[in-house]
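Here is the structure we will look at.
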Amino acid sequence: MSSDDISRDGLSRDGLSQDGLVAPPGANLPALRGHNAALVLGLLRAAGEQGVSRRELAAHTGLTPQAVSKITARLRAEGLAAEAGRRASTGGKPATVLRLVPGARHAVGLHLDRDELVAVLADLTGAPVAVRRAPLAFEAGAGPVLDTAGREVAALRAEAGGPPVLGAGVACPGPLDHTAGVLHRVTGAPQWDGFPLRDALAERLGLPVVLDKDTNAAALGLARGMPSGAGSFGYLHLGTGLGAGLVLGGGLYRGPRTGAGEFGHQTVQWDGPRCGCGRRGCIEALCLAAVARGDLPGAAAVLGAGAANLVELLDIDRVLLGGRTVLENPDGFLAGVAEVLGGQARARGRTAVPVALARGGARVVADGAAELVLAPLFGVRGAALVS
């Protein structure tokens, strides 16, 4: 697959030779072929180094053995799959095992925070092979941000020896329109309103670009690492702002206008401090004010109150915490949020929803941004994205 195989909305346009299946109503054959290839790639990715046989691929996808053979032949020809030995025979011919080739393609993940840029170059498993950080003044507007992004991505690719790159996933503060790739009135930076960041970055980087909110990208990356059936969760990101990424029913939930997850702007105190959004008493304003005055237990309690509201509203299975402010005092925030959730559970007569640190640390958003590009290549995880 080349970079042309990723459209700007992150969907694979890969076409394969005839695969032996009849297209379902409403699906054109090229789309079906791409879907089938993604299913196979997804199983290869999940199998890791131990690989998976063609027979197993057919059993798990519902494709015919002939279709699997054609798809895997193409993937091998493109360098995406390779033989990984043979399985011991159970009475027939030993099965050849195939595995994904992680370094065959890469994706850039770009986290545009308010004061820092984090860039990762990830292989097909999502593992970072290069990482860069640079100061960023997001509120300075498009020109400086595009310059910094262009410079850092070029350096990132050069450091890794210029491997093939499918595209760039870009995660930044919202609100924004994921589908159109356009920013709206970002809190504290209204000059971004209406700016087509996706297309501007695609032109600057010379790559297809997928744009999403920072919390959505992080949640998508976190969902990939969870076992099937792990349930729904809310990822709460406390850094220079406060937001949430929601995975509901196994899929990332953006909302029809990419408006879901504006967690920080729920009003919890009518006469509270003024928020950057212009209102008073937003949970973001209260939480950041507590952090600024050194009251970390107070900040954790406020964050816990918001988490409790989220649990009451959506009945999620777990809460994950991340962001630089949380990482500066992880034990304190975990304990404070867990205490509030425990009190909520006791009042309701039920078991408390567990709370944990999100894996990935300070790189969680950038890693998730790379997953914006990679996920649609691998079938189920890409198909599970819902609006």
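Note on naming: chains are A, B, ... as they come in the structure tokens, residues start from 1 per chain, ligands start from 1 in the order shown.
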Just want the 8 Å neighbourhood of region 166-178 of chain A, counted on only C-alpha atoms, with same-chain residues fewer than 4 positions away dropped. Output as number ranges by chain. A: 1-6, 9, 105-114, 182-187, 198, 207-215, 217, 257-259, 262, 365-366, 369-373
From a DSSP pass on the backbone, collect the residues of region 59-196 of chain A flagged as alpha helix (DSSP H) and hand them back as a PDB file with N, CA and C atoms, in the first residue's frame.
```
ATOM      1  N   ALA A  59     -10.911 -19.254   8.488  1.00  0.00           N
ATOM      2  CA  ALA A  59     -11.892 -19.573   9.529  1.00  0.00           C
ATOM      3  C   ALA A  59     -12.357 -18.328  10.268  1.00  0.00           C
ATOM      4  N   HIS A  60     -11.459 -17.394  10.516  1.00  0.00           N
ATOM      5  CA  HIS A  60     -11.800 -16.209  11.299  1.00  0.00           C
ATOM      6  C   HIS A  60     -12.472 -15.123  10.470  1.00  0.00           C
ATOM      7  N   THR A  61     -12.222 -15.089   9.168  1.00  0.00           N
ATOM      8  CA  THR A  61     -12.806 -14.033   8.338  1.00  0.00           C
ATOM      9  C   THR A  61     -14.064 -14.474   7.606  1.00  0.00           C
ATOM     10  N   PRO A  65     -10.852 -20.210   1.187  1.00  0.00           N
ATOM     11  CA  PRO A  65      -9.401 -20.396   1.140  1.00  0.00           C
ATOM     12  C   PRO A  65      -8.769 -19.766  -0.099  1.00  0.00           C
ATOM     13  N   GLN A  66      -9.475 -19.839  -1.221  1.00  0.00           N
ATOM     14  CA  GLN A  66      -8.945 -19.235  -2.446  1.00  0.00           C
ATOM     15  C   GLN A  66      -8.825 -17.725  -2.303  1.00  0.00           C
ATOM     16  N   ALA A  67      -9.834 -17.114  -1.684  1.00  0.00           N
ATOM     17  CA  ALA A  67      -9.786 -15.668  -1.487  1.00  0.00           C
ATOM     18  C   ALA A  67      -8.631 -15.285  -0.564  1.00  0.00           C
ATOM     19  N   VAL A  68      -8.464 -16.059   0.508  1.00  0.00           N
ATOM     20  CA  VAL A  68      -7.367 -15.775   1.436  1.00  0.00           C
ATOM     21  C   VAL A  68      -6.029 -15.908   0.734  1.00  0.00           C
ATOM     22  N   SER A  69      -5.883 -16.930  -0.104  1.00  0.00           N
ATOM     23  CA  SER A  69      -4.621 -17.120  -0.821  1.00  0.00           C
ATOM     24  C   SER A  69      -4.317 -15.943  -1.736  1.00  0.00           C
ATOM     25  N   LYS A  70      -5.340 -15.441  -2.425  1.00  0.00           N
ATOM     26  CA  LYS A  70      -5.121 -14.296  -3.314  1.00  0.00           C
ATOM     27  C   LYS A  70      -4.756 -13.048  -2.524  1.00  0.00           C
ATOM     28  N   ILE A  71      -5.453 -12.828  -1.417  1.00  0.00           N
ATOM     29  CA  ILE A  71      -5.173 -11.634  -0.613  1.00  0.00           C
ATOM     30  C   ILE A  71      -3.773 -11.705  -0.015  1.00  0.00           C
ATOM     31  N   THR A  72      -3.429 -12.852   0.565  1.00  0.00           N
ATOM     32  CA  THR A  72      -2.111 -12.961   1.195  1.00  0.00           C
ATOM     33  C   THR A  72      -0.992 -12.913   0.159  1.00  0.00           C
ATOM     34  N   ALA A  73      -1.241 -13.427  -1.046  1.00  0.00           N
ATOM     35  CA  ALA A  73      -0.225 -13.318  -2.100  1.00  0.00           C
ATOM     36  C   ALA A  73       0.050 -11.853  -2.424  1.00  0.00           C
ATOM     37  N   ARG A  74      -1.002 -11.066  -2.496  1.00  0.00           N
ATOM     38  CA  ARG A  74      -0.808  -9.641  -2.774  1.00  0.00           C
ATOM     39  C   ARG A  74      -0.090  -8.951  -1.614  1.00  0.00           C
ATOM     40  N   LEU A  75      -0.478  -9.279  -0.385  1.00  0.00           N
ATOM     41  CA  LEU A  75       0.174  -8.664   0.766  1.00  0.00           C
ATOM     42  C   LEU A  75       1.653  -9.028   0.826  1.00  0.00           C
ATOM     43  N   ARG A  76       1.977 -10.262   0.481  1.00  0.00           N
ATOM     44  CA  ARG A  76       3.386 -10.662   0.440  1.00  0.00           C
ATOM     45  C   ARG A  76       4.128  -9.931  -0.665  1.00  0.00           C
ATOM     46  N   ALA A  77       3.491  -9.784  -1.816  1.00  0.00           N
ATOM     47  CA  ALA A  77       4.142  -9.077  -2.933  1.00  0.00           C
ATOM     48  C   ALA A  77       4.425  -7.623  -2.569  1.00  0.00           C
ATOM     49  N   ALA A 142      -1.895  29.731  12.619  1.00  0.00           N
ATOM     50  CA  ALA A 142      -1.550  28.701  11.645  1.00  0.00           C
ATOM     51  C   ALA A 142      -0.104  28.760  11.160  1.00  0.00           C
ATOM     52  N   GLY A 143       0.387  29.924  10.845  1.00  0.00           N
ATOM     53  CA  GLY A 143       1.719  30.028  10.252  1.00  0.00           C
ATOM     54  C   GLY A 143       2.804  29.367  11.076  1.00  0.00           C
ATOM     55  N   PRO A 144       3.017  29.797  12.313  1.00  0.00           N
ATOM     56  CA  PRO A 144       4.060  29.176  13.131  1.00  0.00           C
ATOM     57  C   PRO A 144       3.824  27.687  13.385  1.00  0.00           C
ATOM     58  N   VAL A 145       2.560  27.290  13.559  1.00  0.00           N
ATOM     59  CA  VAL A 145       2.263  25.876  13.822  1.00  0.00           C
ATOM     60  C   VAL A 145       2.606  25.026  12.603  1.00  0.00           C
ATOM     61  N   LEU A 146       2.227  25.464  11.421  1.00  0.00           N
ATOM     62  CA  LEU A 146       2.540  24.712  10.202  1.00  0.00           C
ATOM     63  C   LEU A 146       4.046  24.629   9.984  1.00  0.00           C
ATOM     64  N   ASP A 147       4.754  25.717  10.252  1.00  0.00           N
ATOM     65  CA  ASP A 147       6.215  25.714  10.098  1.00  0.00           C
ATOM     66  C   ASP A 147       6.863  24.693  11.024  1.00  0.00           C
ATOM     67  N   THR A 148       6.446  24.704  12.289  1.00  0.00           N
ATOM     68  CA  THR A 148       7.031  23.779  13.258  1.00  0.00           C
ATOM     69  C   THR A 148       6.690  22.330  12.894  1.00  0.00           C
ATOM     70  N   ALA A 149       5.445  22.084  12.529  1.00  0.00           N
ATOM     71  CA  ALA A 149       5.042  20.723  12.168  1.00  0.00           C
ATOM     72  C   ALA A 149       5.820  20.226  10.959  1.00  0.00           C
ATOM     73  N   GLY A 150       5.947  21.055   9.946  1.00  0.00           N
ATOM     74  CA  GLY A 150       6.683  20.658   8.748  1.00  0.00           C
ATOM     75  C   GLY A 150       8.134  20.332   9.053  1.00  0.00           C
ATOM     76  N   ARG A 151       8.763  21.176   9.852  1.00  0.00           N
ATOM     77  CA  ARG A 151      10.173  20.962  10.199  1.00  0.00           C
ATOM     78  C   ARG A 151      10.366  19.685  11.009  1.00  0.00           C
ATOM     79  N   GLU A 152       9.511  19.466  12.006  1.00  0.00           N
ATOM     80  CA  GLU A 152       9.685  18.322  12.894  1.00  0.00           C
ATOM     81  C   GLU A 152       9.353  17.000  12.207  1.00  0.00           C
ATOM     82  N   VAL A 153       8.359  16.989  11.356  1.00  0.00           N
ATOM     83  CA  VAL A 153       8.026  15.753  10.649  1.00  0.00           C
ATOM     84  C   VAL A 153       9.133  15.398   9.662  1.00  0.00           C
ATOM     85  N   ALA A 154       9.684  16.393   8.984  1.00  0.00           N
ATOM     86  CA  ALA A 154      10.796  16.125   8.070  1.00  0.00           C
ATOM     87  C   ALA A 154      11.987  15.549   8.829  1.00  0.00           C
ATOM     88  N   ALA A 155      12.293  16.123   9.984  1.00  0.00           N
ATOM     89  CA  ALA A 155      13.407  15.625  10.792  1.00  0.00           C
ATOM     90  C   ALA A 155      13.122  14.221  11.313  1.00  0.00           C
ATOM     91  N   LEU A 156      11.887  13.965  11.704  1.00  0.00           N
ATOM     92  CA  LEU A 156      11.488  12.653  12.207  1.00  0.00           C
ATOM     93  C   LEU A 156      11.713  11.581  11.148  1.00  0.00           C
ATOM     94  N   ARG A 157      11.272  11.851   9.941  1.00  0.00           N
ATOM     95  CA  ARG A 157      11.422  10.877   8.860  1.00  0.00           C
ATOM     96  C   ARG A 157      12.878  10.677   8.487  1.00  0.00           C
ATOM     97  N   ALA A 158      13.648  11.760   8.520  1.00  0.00           N
ATOM     98  CA  ALA A 158      15.074  11.657   8.206  1.00  0.00           C
ATOM     99  C   ALA A 158      15.815  10.828   9.240  1.00  0.00           C
ATOM    100  N   GLU A 159      15.482  11.026  10.517  1.00  0.00           N
ATOM    101  CA  GLU A 159      16.128  10.262  11.584  1.00  0.00           C
ATOM    102  C   GLU A 159      15.899   8.765  11.433  1.00  0.00           C
TER     103      GLU A 159
END
```
Give me every strand (DSSP E) residue in region 52-291 of chain A, going by DSSP on the backbone, as a compact mmCIF listing (two decimals) with N, CA, C and O atoms, in the first residue's frame.
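Resulting contents of selection.txt:
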```
# COMPACT_ATOMS: atom_id res chain seq x y z
N VAL A 52 -0.03 -16.52 11.80
CA VAL A 52 -1.32 -17.18 11.65
C VAL A 52 -1.33 -17.88 10.29
O VAL A 52 -0.74 -17.39 9.31
N SER A 53 -1.97 -19.03 10.21
CA SER A 53 -2.00 -19.78 8.95
C SER A 53 -3.13 -19.30 8.06
O SER A 53 -4.08 -18.65 8.51
N ALA A 81 3.35 -8.76 4.35
CA ALA A 81 3.29 -10.04 5.05
C ALA A 81 4.45 -10.91 4.60
O ALA A 81 4.98 -10.75 3.49
N ALA A 82 4.85 -11.83 5.47
CA ALA A 82 5.96 -12.73 5.16
C ALA A 82 5.72 -14.06 5.85
O ALA A 82 4.96 -14.15 6.82
N GLU A 83 6.37 -15.10 5.35
CA GLU A 83 6.26 -16.40 5.99
C GLU A 83 6.99 -16.40 7.33
O GLU A 83 8.03 -15.76 7.48
N ALA A 84 6.42 -17.11 8.30
CA ALA A 84 7.01 -17.17 9.64
C ALA A 84 7.18 -18.62 10.09
O ALA A 84 7.01 -18.95 11.25
N GLY A 85 7.50 -19.50 9.13
CA GLY A 85 7.72 -20.90 9.45
C GLY A 85 6.49 -21.75 9.20
O GLY A 85 5.54 -21.34 8.52
N ARG A 86 6.52 -22.94 9.77
CA ARG A 86 5.42 -23.90 9.59
C ARG A 86 4.95 -24.42 10.94
O ARG A 86 5.74 -24.53 11.88
N THR A 96 1.78 -23.45 6.54
CA THR A 96 2.67 -22.30 6.50
C THR A 96 2.05 -21.16 7.28
O THR A 96 0.86 -20.86 7.13
N VAL A 97 2.85 -20.55 8.14
CA VAL A 97 2.37 -19.46 8.98
C VAL A 97 2.84 -18.13 8.40
O VAL A 97 3.99 -18.00 7.97
N LEU A 98 1.95 -17.16 8.38
CA LEU A 98 2.27 -15.82 7.88
C LEU A 98 2.26 -14.83 9.03
O LEU A 98 1.54 -15.00 10.00
N ARG A 99 3.06 -13.78 8.91
CA ARG A 99 3.09 -12.72 9.92
C ARG A 99 3.12 -11.36 9.23
O ARG A 99 3.52 -11.24 8.06
N LEU A 100 2.71 -10.36 9.96
CA LEU A 100 2.81 -8.98 9.49
C LEU A 100 4.27 -8.56 9.51
O LEU A 100 5.04 -8.97 10.39
N HIS A 106 4.80 2.85 7.62
CA HIS A 106 4.81 3.61 8.86
C HIS A 106 3.73 4.68 8.82
O HIS A 106 3.18 4.98 7.75
N ALA A 107 3.45 5.24 9.98
CA ALA A 107 2.51 6.36 10.08
C ALA A 107 3.10 7.39 11.03
O ALA A 107 3.74 7.05 12.03
N VAL A 108 2.87 8.65 10.71
CA VAL A 108 3.27 9.75 11.59
C VAL A 108 2.11 10.05 12.53
O VAL A 108 0.95 10.09 12.11
N GLY A 109 2.41 10.22 13.80
CA GLY A 109 1.44 10.70 14.77
C GLY A 109 1.90 12.04 15.31
O GLY A 109 3.03 12.16 15.79
N LEU A 110 1.05 13.03 15.23
CA LEU A 110 1.43 14.40 15.59
C LEU A 110 0.46 14.93 16.63
O LEU A 110 -0.74 15.01 16.38
N HIS A 111 0.97 15.25 17.81
CA HIS A 111 0.17 15.86 18.86
C HIS A 111 0.51 17.34 18.93
O HIS A 111 1.62 17.71 19.31
N LEU A 112 -0.45 18.17 18.55
CA LEU A 112 -0.28 19.62 18.63
C LEU A 112 -0.92 20.10 19.93
O LEU A 112 -2.12 20.35 19.97
N GLU A 116 3.43 22.54 23.15
CA GLU A 116 4.42 21.55 22.76
C GLU A 116 3.91 20.70 21.61
O GLU A 116 2.71 20.40 21.51
N LEU A 117 4.81 20.33 20.72
CA LEU A 117 4.52 19.38 19.66
C LEU A 117 5.25 18.08 19.98
O LEU A 117 6.43 18.08 20.33
N VAL A 118 4.52 16.97 19.89
CA VAL A 118 5.12 15.64 20.02
C VAL A 118 4.85 14.89 18.72
O VAL A 118 3.69 14.81 18.29
N ALA A 119 5.90 14.38 18.11
CA ALA A 119 5.77 13.65 16.85
C ALA A 119 6.34 12.25 17.02
O ALA A 119 7.43 12.08 17.59
N VAL A 120 5.62 11.26 16.55
CA VAL A 120 6.12 9.88 16.56
C VAL A 120 6.03 9.32 15.15
O VAL A 120 5.16 9.70 14.35
N LEU A 121 6.95 8.42 14.84
CA LEU A 121 6.87 7.62 13.63
C LEU A 121 6.64 6.19 14.09
O LEU A 121 7.49 5.61 14.79
N ALA A 122 5.48 5.63 13.76
CA ALA A 122 5.09 4.31 14.24
C ALA A 122 5.11 3.30 13.12
O ALA A 122 4.78 3.62 11.97
N ASP A 123 5.50 2.06 13.43
CA ASP A 123 5.42 0.99 12.44
C ASP A 123 4.00 0.43 12.42
O ASP A 123 3.09 0.95 13.08
N PRO A 128 6.43 2.94 18.30
CA PRO A 128 7.20 4.08 17.80
C PRO A 128 8.63 3.69 17.46
O PRO A 128 9.29 3.00 18.23
N VAL A 129 9.10 4.13 16.30
CA VAL A 129 10.49 3.89 15.92
C VAL A 129 11.31 5.18 16.00
O VAL A 129 12.54 5.13 15.94
N ALA A 130 10.64 6.31 16.13
CA ALA A 130 11.32 7.60 16.31
C ALA A 130 10.34 8.55 16.98
O ALA A 130 9.13 8.49 16.75
N VAL A 131 10.86 9.43 17.83
CA VAL A 131 10.05 10.39 18.57
C VAL A 131 10.78 11.73 18.60
O VAL A 131 12.00 11.78 18.78
N ARG A 132 10.04 12.82 18.42
CA ARG A 132 10.60 14.16 18.54
C ARG A 132 9.64 15.06 19.33
O ARG A 132 8.43 14.88 19.27
N ARG A 133 10.21 16.02 20.03
CA ARG A 133 9.44 17.02 20.77
C ARG A 133 9.99 18.39 20.45
O ARG A 133 11.19 18.56 20.24
N ALA A 134 9.10 19.38 20.44
CA ALA A 134 9.53 20.75 20.16
C ALA A 134 8.55 21.71 20.82
O ALA A 134 7.35 21.40 20.93
N PRO A 135 9.00 22.88 21.23
CA PRO A 135 8.08 23.90 21.75
C PRO A 135 7.10 24.32 20.67
O PRO A 135 7.43 24.34 19.47
N VAL A 165 5.91 5.99 4.32
CA VAL A 165 4.93 6.52 5.27
C VAL A 165 3.55 6.58 4.61
O VAL A 165 3.40 7.15 3.52
N LEU A 166 2.55 6.01 5.27
CA LEU A 166 1.19 5.98 4.73
C LEU A 166 0.49 7.32 4.85
O LEU A 166 -0.31 7.70 4.00
N GLY A 167 0.74 8.04 5.94
CA GLY A 167 0.06 9.30 6.17
C GLY A 167 0.37 9.81 7.56
O GLY A 167 1.15 9.21 8.30
N ALA A 168 -0.25 10.91 7.91
CA ALA A 168 -0.04 11.53 9.22
C ALA A 168 -1.38 11.68 9.92
O ALA A 168 -2.34 12.20 9.35
N GLY A 169 -1.43 11.22 11.17
CA GLY A 169 -2.57 11.49 12.03
C GLY A 169 -2.23 12.69 12.89
O GLY A 169 -1.14 12.75 13.47
N VAL A 170 -3.13 13.65 12.95
CA VAL A 170 -2.86 14.89 13.68
C VAL A 170 -3.93 15.06 14.75
O VAL A 170 -5.14 15.02 14.45
N ALA A 171 -3.50 15.25 15.98
CA ALA A 171 -4.40 15.42 17.11
C ALA A 171 -4.13 16.76 17.77
O ALA A 171 -2.99 17.11 18.03
N CYS A 172 -5.19 17.54 18.02
CA CYS A 172 -5.02 18.86 18.60
C CYS A 172 -6.25 19.21 19.44
O CYS A 172 -7.24 18.46 19.44
N LEU A 176 -13.54 20.69 16.86
CA LEU A 176 -13.20 20.63 15.45
C LEU A 176 -14.16 19.69 14.74
O LEU A 176 -14.94 18.99 15.37
N ASP A 177 -14.08 19.69 13.42
CA ASP A 177 -14.88 18.80 12.58
C ASP A 177 -13.94 17.76 12.00
O ASP A 177 -13.17 18.05 11.09
N VAL A 182 -11.58 20.59 9.77
CA VAL A 182 -11.59 22.03 10.03
C VAL A 182 -11.71 22.27 11.54
O VAL A 182 -12.50 21.62 12.22
N LEU A 183 -10.93 23.23 12.04
CA LEU A 183 -11.03 23.60 13.45
C LEU A 183 -12.18 24.56 13.67
O LEU A 183 -12.57 25.31 12.77
N VAL A 209 -3.53 13.30 5.41
CA VAL A 209 -3.63 13.66 6.83
C VAL A 209 -5.03 13.32 7.34
O VAL A 209 -6.03 13.54 6.65
N VAL A 210 -5.09 12.79 8.55
CA VAL A 210 -6.34 12.58 9.28
C VAL A 210 -6.28 13.46 10.51
O VAL A 210 -5.29 13.44 11.25
N LEU A 211 -7.32 14.25 10.76
CA LEU A 211 -7.35 15.18 11.89
C LEU A 211 -8.41 14.75 12.90
O LEU A 211 -9.51 14.36 12.52
N ASP A 212 -8.06 14.84 14.18
CA ASP A 212 -9.05 14.56 15.22
C ASP A 212 -8.66 15.29 16.49
O ASP A 212 -7.55 15.82 16.60
N LYS A 213 -9.58 15.31 17.45
CA LYS A 213 -9.27 15.89 18.75
C LYS A 213 -8.24 15.04 19.48
O LYS A 213 -8.18 13.83 19.30
N PHE A 233 -15.14 2.75 27.99
CA PHE A 233 -14.34 3.53 28.94
C PHE A 233 -14.34 4.99 28.55
O PHE A 233 -14.63 5.37 27.41
N GLY A 234 -14.00 5.81 29.55
CA GLY A 234 -13.77 7.22 29.32
C GLY A 234 -12.32 7.54 29.63
O GLY A 234 -11.81 7.17 30.70
N TYR A 235 -11.63 8.17 28.68
CA TYR A 235 -10.26 8.61 28.91
C TYR A 235 -10.30 10.10 29.24
O TYR A 235 -10.78 10.91 28.43
N LEU A 236 -9.84 10.46 30.44
CA LEU A 236 -9.84 11.85 30.88
C LEU A 236 -8.43 12.40 30.81
O LEU A 236 -7.52 11.87 31.45
N HIS A 237 -8.26 13.46 30.04
CA HIS A 237 -6.94 14.02 29.77
C HIS A 237 -6.84 15.39 30.41
O HIS A 237 -7.53 16.34 30.01
N LEU A 238 -5.99 15.50 31.43
CA LEU A 238 -5.77 16.76 32.12
C LEU A 238 -4.35 17.23 31.86
O LEU A 238 -3.39 16.65 32.36
N LEU A 242 -8.72 20.26 29.76
CA LEU A 242 -9.35 19.04 30.25
C LEU A 242 -10.38 18.57 29.25
O LEU A 242 -11.29 19.31 28.86
N GLY A 243 -10.22 17.34 28.80
CA GLY A 243 -11.18 16.77 27.85
C GLY A 243 -11.30 15.29 28.04
O GLY A 243 -10.60 14.69 28.87
N ALA A 244 -12.18 14.66 27.27
CA ALA A 244 -12.41 13.23 27.38
C ALA A 244 -12.49 12.59 26.00
O ALA A 244 -12.96 13.21 25.04
N GLY A 245 -12.04 11.36 25.93
CA GLY A 245 -12.25 10.51 24.76
C GLY A 245 -13.12 9.35 25.19
O GLY A 245 -12.92 8.77 26.26
N LEU A 246 -14.11 9.01 24.39
CA LEU A 246 -15.11 8.00 24.78
C LEU A 246 -15.07 6.81 23.84
O LEU A 246 -15.17 6.97 22.61
N VAL A 247 -14.94 5.63 24.40
CA VAL A 247 -15.07 4.40 23.64
C VAL A 247 -16.30 3.68 24.19
O VAL A 247 -16.32 3.24 25.34
N LEU A 248 -17.33 3.60 23.35
CA LEU A 248 -18.62 3.05 23.77
C LEU A 248 -18.97 1.89 22.85
O LEU A 248 -18.91 2.01 21.63
N GLY A 251 -16.39 1.00 20.12
CA GLY A 251 -15.99 1.96 19.09
C GLY A 251 -15.78 3.35 19.65
O GLY A 251 -16.40 3.74 20.65
N LEU A 252 -14.90 4.09 19.01
CA LEU A 252 -14.68 5.48 19.38
C LEU A 252 -15.92 6.30 19.05
O LEU A 252 -16.41 6.27 17.92
N TYR A 253 -16.43 7.02 20.02
CA TYR A 253 -17.62 7.84 19.81
C TYR A 253 -17.24 9.30 19.70
O TYR A 253 -16.77 9.92 20.65
```
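Separating CA of Ala137 (chain A) from CA of Arg293 (chain A) is a distance of 23.8 Å.
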Just checking: using only C-alpha atoms, which residue out of A:Gly250, A:Gly141, A:Gly332, A:Gly360 ends up closest to Met226 (chain A)? A:Gly250
Please list as a PyMOL selection string every residue within 9 Å of Leu296 (chain A), counting only C-alpha atoms and excluding residues in the same chain fewer than 6 positions away. chain A and resi 287+290+329+332-333
Saved selection, atoms kept: C-alpha atoms, as a compact mmCIF listing (two decimals), in the first residue's frame:
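Output file out-v4.txt follows:
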```txt
# COMPACT_ATOMS: atom_id res chain seq x y z
CA CYS A 287 -9.61 21.88 38.07
CA ALA A 290 -6.87 24.14 41.92
CA ASN A 329 1.18 13.43 40.46
CA GLY A 332 -2.64 11.60 44.00
CA PHE A 333 -5.00 11.83 41.04
```
Please determine, counting only C-alpha atoms, which residue among A:Gly281, A:Gly294, A:Gly239, A:Pro164 has the shortest atom-to-atom distance to Leu321 (chain A). A:Gly239
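Among the candidate residues A:Leu374, A:Leu334, A:Leu286, A:Ala292, the one lying nearest to Gly42 (chain A) is A:Leu374, with distances computed using only C-alpha atoms.
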